[in-house]
Structure formats: structure tokens, C-alpha cells
>>> print(open('entry-v5.pdb').read())   # PDB, C-alpha atoms, pLDDT in the B column
MODEL        1
ATOM      1  CA  MET A   1      -2.332   7.606  20.120  1.00 71.00           C
ATOM      2  CA  ASP A   2      -2.095   3.809  19.982  1.00 70.00           C
ATOM      3  CA  ILE A   3      -2.371   3.095  16.250  1.00 62.00           C
ATOM      4  CA  GLU A   4      -2.552  -0.676  16.739  1.00 67.00           C
ATOM      5  CA  ALA A   5      -5.657  -0.254  18.918  1.00 59.00           C
ATOM      6  CA  LEU A   6      -7.386   1.381  15.943  1.00 64.00           C
ATOM      7  CA  ILE A   7      -6.283  -0.656  12.889  1.00 63.00           C
ATOM      8  CA  PRO A   8      -5.706  -4.390  12.405  1.00 61.00           C
ATOM      9  CA  HIS A   9      -2.376  -3.988  10.538  1.00 58.00           C
ATOM     10  CA  ARG A  10       0.786  -5.273  12.197  1.00 56.00           C
ATOM     11  CA  ASP A  11       4.502  -5.672  11.573  1.00 63.00           C
ATOM     12  CA  ARG A  12       5.661  -4.682   8.080  1.00 64.00           C
ATOM     13  CA  MET A  13       2.083  -4.281   6.831  1.00 69.00           C
ATOM     14  CA  ARG A  14       1.448  -1.404   9.229  1.00 72.00           C
ATOM     15  CA  LEU A  15       2.530   1.589   7.150  1.00 89.00           C
ATOM     16  CA  ILE A  16       1.196   4.400   9.346  1.00 86.00           C
ATOM     17  CA  GLY A  17       3.894   5.856  11.564  1.00 87.00           C
ATOM     18  CA  GLU A  18       2.085   8.723  13.266  1.00 92.00           C
ATOM     19  CA  VAL A  19      -1.397  10.181  13.584  1.00 92.00           C
ATOM     20  CA  LEU A  20      -1.328  13.914  12.847  1.00 95.00           C
ATOM     21  CA  ALA A  21      -5.064  14.609  13.173  1.00 95.00           C
ATOM     22  CA  VAL A  22      -8.327  12.729  13.515  1.00 94.00           C
ATOM     23  CA  ASP A  23     -11.914  13.839  14.032  1.00 94.00           C
ATOM     24  CA  ASP A  24     -15.389  12.750  12.927  1.00 90.00           C
ATOM     25  CA  ASP A  25     -14.740  13.758   9.314  1.00 91.00           C
ATOM     26  CA  ARG A  26     -11.135  12.912   8.480  1.00 96.00           C
ATOM     27  CA  ALA A  27      -7.836  11.399   9.546  1.00 95.00           C
ATOM     28  CA  VAL A  28      -4.349  12.599   8.632  1.00 97.00           C
ATOM     29  CA  THR A  29      -1.332  10.350   9.081  1.00 96.00           C
ATOM     30  CA  SER A  30       2.398  10.453   8.470  1.00 97.00           C
ATOM     31  CA  SER A  31       4.491   7.566   7.148  1.00 96.00           C
ATOM     32  CA  ILE A  32       8.164   7.164   6.281  1.00 97.00           C
ATOM     33  CA  VAL A  33       9.031   4.852   3.380  1.00 97.00           C
ATOM     34  CA  THR A  34      11.323   2.018   4.489  1.00 96.00           C
ATOM     35  CA  GLU A  35      12.949  -0.999   2.889  1.00 96.00           C
ATOM     36  CA  ASP A  36      10.447  -3.190   4.766  1.00 94.00           C
ATOM     37  CA  TRP A  37       7.439  -1.792   2.918  1.00 94.00           C
ATOM     38  CA  PRO A  38       5.592  -3.895   0.367  1.00 91.00           C
ATOM     39  CA  LEU A  39       6.556  -3.080  -3.256  1.00 94.00           C
ATOM     40  CA  TYR A  40      10.006  -1.823  -2.220  1.00 95.00           C
ATOM     41  CA  HIS A  41      12.734  -2.355  -4.825  1.00 95.00           C
ATOM     42  CA  ASP A  42      15.958  -0.530  -5.714  1.00 96.00           C
ATOM     43  CA  GLY A  43      15.602   2.426  -3.350  1.00 96.00           C
ATOM     44  CA  ALA A  44      11.901   3.198  -3.825  1.00 97.00           C
ATOM     45  CA  VAL A  45       8.369   1.832  -3.504  1.00 97.00           C
ATOM     46  CA  ASP A  46       5.830   1.567  -6.282  1.00 97.00           C
ATOM     47  CA  ALA A  47       3.120   4.226  -6.116  1.00 97.00           C
ATOM     48  CA  LEU A  48       0.522   1.450  -5.757  1.00 96.00           C
ATOM     49  CA  VAL A  49       1.428   1.364  -2.058  1.00 96.00           C
ATOM     50  CA  THR A  50      -0.420   4.679  -1.653  1.00 97.00           C
ATOM     51  CA  ILE A  51      -3.678   2.724  -1.991  1.00 96.00           C
ATOM     52  CA  GLU A  52      -2.767   0.895   1.204  1.00 92.00           C
ATOM     53  CA  LEU A  53      -1.856   4.184   2.905  1.00 96.00           C
ATOM     54  CA  VAL A  54      -5.312   5.572   2.151  1.00 97.00           C
ATOM     55  CA  ALA A  55      -6.975   2.310   3.248  1.00 92.00           C
ATOM     56  CA  GLN A  56      -5.066   2.274   6.553  1.00 91.00           C
ATOM     57  CA  THR A  57      -5.783   5.944   7.202  1.00 93.00           C
ATOM     58  CA  ALA A  58      -9.488   5.321   6.498  1.00 92.00           C
ATOM     59  CA  ALA A  59      -9.382   2.315   8.851  1.00 87.00           C
ATOM     60  CA  LEU A  60      -7.795   4.539  11.498  1.00 88.00           C
ATOM     61  CA  LEU A  61     -10.610   7.075  11.088  1.00 89.00           C
ATOM     62  CA  GLU A  62     -13.261   4.374  11.496  1.00 85.00           C
ATOM     63  CA  GLY A  63     -11.378   2.740  14.380  1.00 83.00           C
ATOM     64  CA  TRP A  64     -11.147   6.096  16.159  1.00 82.00           C
ATOM     65  CA  LYS A  65     -14.882   6.680  15.686  1.00 82.00           C
ATOM     66  CA  ARG A  66     -15.657   3.202  17.017  1.00 79.00           C
ATOM     67  CA  GLN A  67     -13.409   3.815  20.010  1.00 76.00           C
ATOM     68  CA  GLN A  68     -15.144   7.145  20.721  1.00 76.00           C
ATOM     69  CA  SER A  69     -18.498   5.325  20.782  1.00 76.00           C
ATOM     70  CA  LYS A  70     -17.049   2.625  23.102  1.00 74.00           C
ATOM     71  CA  ARG A  71     -17.218  -0.137  20.456  1.00 69.00           C
ATOM     72  CA  GLY A  72     -13.438  -0.735  20.392  1.00 59.00           C
ATOM     73  CA  GLY A  73     -11.049  -0.444  17.437  1.00 52.00           C
ATOM     74  CA  THR A  74     -11.873  -1.470  13.915  1.00 55.00           C
ATOM     75  CA  LYS A  75     -11.923  -4.929  12.441  1.00 63.00           C
ATOM     76  CA  GLY A  76     -10.588  -5.609   8.974  1.00 69.00           C
ATOM     77  CA  TRP A  77     -12.318  -4.242   5.895  1.00 74.00           C
ATOM     78  CA  LEU A  78     -12.556  -5.604   2.379  1.00 79.00           C
ATOM     79  CA  VAL A  79     -11.405  -2.753   0.140  1.00 84.00           C
ATOM     80  CA  GLY A  80     -11.983  -2.056  -3.546  1.00 90.00           C
ATOM     81  CA  ILE A  81     -10.503   0.744  -5.620  1.00 95.00           C
ATOM     82  CA  LYS A  82     -13.062   3.084  -7.186  1.00 94.00           C
ATOM     83  CA  GLY A  83     -10.441   5.329  -8.732  1.00 96.00           C
ATOM     84  CA  ALA A  84      -6.771   6.223  -8.464  1.00 97.00           C
ATOM     85  CA  ASP A  85      -4.561   8.915  -9.961  1.00 98.00           C
ATOM     86  CA  PHE A  86      -0.847   8.340  -9.417  1.00 98.00           C
ATOM     87  CA  ARG A  87       1.329  11.345 -10.162  1.00 97.00           C
ATOM     88  CA  LEU A  88       4.669   9.675  -9.381  1.00 94.00           C
ATOM     89  CA  PRO A  89       5.518   6.127 -10.472  1.00 96.00           C
ATOM     90  CA  ARG A  90       7.849   5.478  -7.515  1.00 97.00           C
ATOM     91  CA  ILE A  91       8.415   7.043  -4.124  1.00 97.00           C
ATOM     92  CA  PRO A  92      11.979   7.178  -2.749  1.00 97.00           C
ATOM     93  CA  LEU A  93      13.251   5.479   0.389  1.00 97.00           C
ATOM     94  CA  SER A  94      12.984   7.664   3.532  1.00 97.00           C
ATOM     95  CA  ALA A  95      10.335   9.934   1.979  1.00 98.00           C
ATOM     96  CA  THR A  96       7.781  11.225   4.480  1.00 98.00           C
ATOM     97  CA  LEU A  97       4.254  10.850   3.138  1.00 98.00           C
ATOM     98  CA  ILE A  98       1.224  12.642   4.550  1.00 98.00           C
ATOM     99  CA  THR A  99      -2.058  10.838   3.921  1.00 98.00           C
ATOM    100  CA  GLU A 100      -5.515  12.292   4.425  1.00 98.00           C
ATOM    101  CA  ALA A 101      -8.684  10.186   4.248  1.00 97.00           C
ATOM    102  CA  ARG A 102     -12.253  11.473   4.402  1.00 97.00           C
ATOM    103  CA  ARG A 103     -15.395   9.393   4.523  1.00 93.00           C
ATOM    104  CA  ASP A 104     -17.489  10.485   1.557  1.00 92.00           C
ATOM    105  CA  TYR A 105     -20.455   8.178   2.000  1.00 90.00           C
ATOM    106  CA  ALA A 106     -21.539   5.370   4.330  1.00 85.00           C
ATOM    107  CA  LEU A 107     -24.489   3.021   4.676  1.00 87.00           C
ATOM    108  CA  GLU A 108     -24.453   0.300   7.327  1.00 83.00           C
ATOM    109  CA  SER A 109     -21.232  -1.689   6.775  1.00 84.00           C
ATOM    110  CA  TYR A 110     -20.336  -0.087   3.412  1.00 90.00           C
ATOM    111  CA  ALA A 111     -18.398   3.175   3.013  1.00 91.00           C
ATOM    112  CA  VAL A 112     -16.587   5.228   0.371  1.00 95.00           C
ATOM    113  CA  PHE A 113     -13.432   7.161   1.267  1.00 96.00           C
ATOM    114  CA  GLU A 114     -11.517   9.822  -0.647  1.00 98.00           C
ATOM    115  CA  GLY A 115      -7.804  10.031   0.026  1.00 98.00           C
ATOM    116  CA  THR A 116      -4.823  12.185  -0.864  1.00 98.00           C
ATOM    117  CA  VAL A 117      -1.156  11.304  -0.385  1.00 98.00           C
ATOM    118  CA  ARG A 118       1.429  14.106  -0.373  1.00 98.00           C
ATOM    119  CA  LEU A 119       5.199  14.244  -0.417  1.00 97.00           C
ATOM    120  CA  GLY A 120       5.898  17.692   0.961  1.00 94.00           C
ATOM    121  CA  THR A 121       3.523  19.982  -0.941  1.00 95.00           C
ATOM    122  CA  GLU A 122       3.366  17.672  -3.976  1.00 96.00           C
ATOM    123  CA  VAL A 123       0.304  15.444  -4.361  1.00 97.00           C
ATOM    124  CA  VAL A 124       1.590  12.012  -5.352  1.00 97.00           C
ATOM    125  CA  ALA A 125      -1.783  10.231  -5.448  1.00 98.00           C
ATOM    126  CA  THR A 126      -5.513  10.792  -5.125  1.00 98.00           C
ATOM    127  CA  ILE A 127      -7.487   7.665  -4.429  1.00 98.00           C
ATOM    128  CA  SER A 128     -11.115   6.706  -3.954  1.00 97.00           C
ATOM    129  CA  ILE A 129     -11.790   3.418  -2.192  1.00 96.00           C
ATOM    130  CA  GLN A 130     -14.912   1.560  -1.242  1.00 95.00           C
ATOM    131  CA  ALA A 131     -14.845  -0.546   1.894  1.00 89.00           C
ATOM    132  CA  PHE A 132     -17.048  -3.274   3.279  1.00 89.00           C
ATOM    133  CA  ARG A 133     -16.830  -4.407   6.887  1.00 78.00           C
ATOM    134  CA  PRO A 134     -18.100  -7.960   7.411  1.00 75.00           C
ATOM    135  CA  GLU A 135     -20.817  -8.259  10.034  1.00 65.00           C
ATOM    136  CA  GLU A 136     -19.400  -8.371  13.527  1.00 57.00           C
ATOM    137  CA  ASN A 137     -21.480 -11.416  14.513  1.00 50.00           C
ATOM    138  CA  ALA A 138     -20.207 -13.495  11.581  1.00 45.00           C
TER     139      ALA A 138
ENDMDL
END
>>> encode(input="entry-v5.pdb", output="C-alpha cells")
Amino acid sequence: MDIEALIPHRDRMRLIGEVLAVDDDRAVTSSIVTEDWPLYHDGAVDALVTIELVAQTAALLEGWKRQQSKRGGTKGWLVGIKGADFRLPRIPLSATLITEARRDYALESYAVFEGTVRLGTEVVATISIQAFRPEENA
């Protein structure tokens, strides 16, 4: 699956490495922590980066749905954090993170997504984001 056809993120801001599953309800992605990631320092990244993982996985879900309906990939979203629970302060270099995002609620160009980030079987973060997509004609 061509991730860059579904999300607007490029270069070192694209954190998703692989799409594991996607359907109308959820997307699951895999990512490997590298030194190029934002918030990297001294062999690990700050757990705050998991917010971006959930946002990108949610964007992938919406981009996939748009592609299925022949509207093309997604444009950028403005994202706010409704809630976040970080269970690890830092995530080590080379860790493989599995992120799942589900759309909880949507109305026109506004949506709420619930996300979980795991390292192996351990949940490292649960995050709720709200997203607004600017009008396409603007």
C-alpha cells in the first residue's frame, strides 16, 4: 500500500512504516523508532511522539476511505488532543510500535479518533484526538 498516497506526511515527519490493516472502522500501522524522528534524544524518543503516530494512523484511515470512494488521498488535518495517557516516558531507539486508530465520531469535516500505541503487548499510550479538515474548496 502506498502510504504517501494516503497521508500528507513526508521525509522525517512520516512516522508510519507499514500498514498492517485498514478497513472502514480502523487502521493499524507499524513504525520503527529511528534517530530521525522528532523528539529523539539520547537513544529514545519522548512519548509525546505517540500523538503524532495516532494522528498519522487516523489520517491513513481517512485517506484510505477517500481513496475507496474515488476522492483521492487525504489532505492535512488540524489536530487537537482531547486526552492522552502515556505509560512510558520514553521509547527506545529501534522499538517497533503498533498503532491502532478508530474513528469514534464524525460530522462533516470534524472527527474524533481513539488511538492505542503498543510496544509488543505493552500499551505505551492511549490517545483521543479531534481533527478538523479545512474545506476542500478553500
>>> residues_around(input="entry-v5.pdb", residues="stretch 98-111 of chain A", least_positions_apart="5", cutoff="8 Å", atoms="all atoms listed in the file", output="list of chain:residue names")
A:Asp25, A:Arg26, A:Ala27, A:Val28, A:Thr29, A:Ser30, A:Ser31, A:Leu53, A:Val54, A:Thr57, A:Ala58, A:Leu61, A:Thr116, A:Val117, A:Arg118, A:Leu119, A:Gly120, A:Gln130, A:Ala131, A:Phe132, A:Arg133, A:Pro134, A:Glu135
>>> resolve_selection(input="entry-v5.pdb", expression="the PyMOL selection byres ((chain A and resi 125) around 6)", output="number ranges by chain")
A: 85-87, 116-117, 123-124, 126
>>> closest_residue(input="entry-v5.pdb", among="A:Gly17, A:Gly43, A:Gly80, A:Gly63", to="A:Pro92", atoms="all atoms listed in the file")
A:Gly43
>>> resolve_selection(input="entry-v5.pdb", expression="the PyMOL selection byres ((chain A and resi 44) around 6)", output="ChimeraX atom specification")
/A:40-43,45,90-93
>>> closest_residue(input="entry-v5.pdb", among="A:Asp2, A:Asp46, A:Glu114, A:Asp36", to="A:Trp64", atoms="only C-alpha atoms")
A:Asp2
>>> residues_around(input="entry-v5.pdb", residues="A:Ser128", least_positions_apart="2", cutoff="7 Å", atoms="only C-alpha atoms", output="list of chain:residue names")
A:Ile81, A:Lys82, A:Gly83, A:Ala84, A:Phe113, A:Glu114, A:Gly115, A:Gln130
>>> atom_distance(input="entry-v5.pdb", atom1="atom CA of A:Gln68", atom2="atom CA of A:Leu20")
17.3 Å
>>> atom_distance(input="entry-v5.pdb", atom1="atom CA of A:Glu35", atom2="atom CA of A:Ile51")
17.7 Å
>>> axis_aligned_box(input="entry-v5.pdb", around="stretch 55-67 of chain A", padding_each_side="6 Å", output="lines of an AutoDock Vina configuration file")
center_x = -10.4
center_y = 4.7
center_z = 11.6
size_x = 22.6
size_y = 16.8
size_z = 28.8
>>> atom_distance(input="entry-v5.pdb", atom1="atom CA of A:Arg66", atom2="atom CA of A:Pro38")
27.9 Å
>>> closest_residue(input="entry-v5.pdb", among="A:Thr121, A:Gln56, A:Thr50, A:Ser69", to="A:Pro89", atoms="only C-alpha atoms")
A:Thr50
>>> closest_residue(input="entry-v5.pdb", among="A:Lys65, A:Leu88, A:Leu78, A:Met1", to="A:Leu48", atoms="only C-alpha atoms")
A:Leu88
>>> closest_residue(input="entry-v5.pdb", among="A:Val33, A:Ala95, A:Val112, A:Leu15", to="A:Glu62", atoms="all atoms listed in the file")
A:Val112
>>> closest_residue(input="entry-v5.pdb", among="A:Gln67, A:Leu39, A:Leu60, A:Ile32", to="A:Val19", atoms="all atoms listed in the file")
A:Leu60
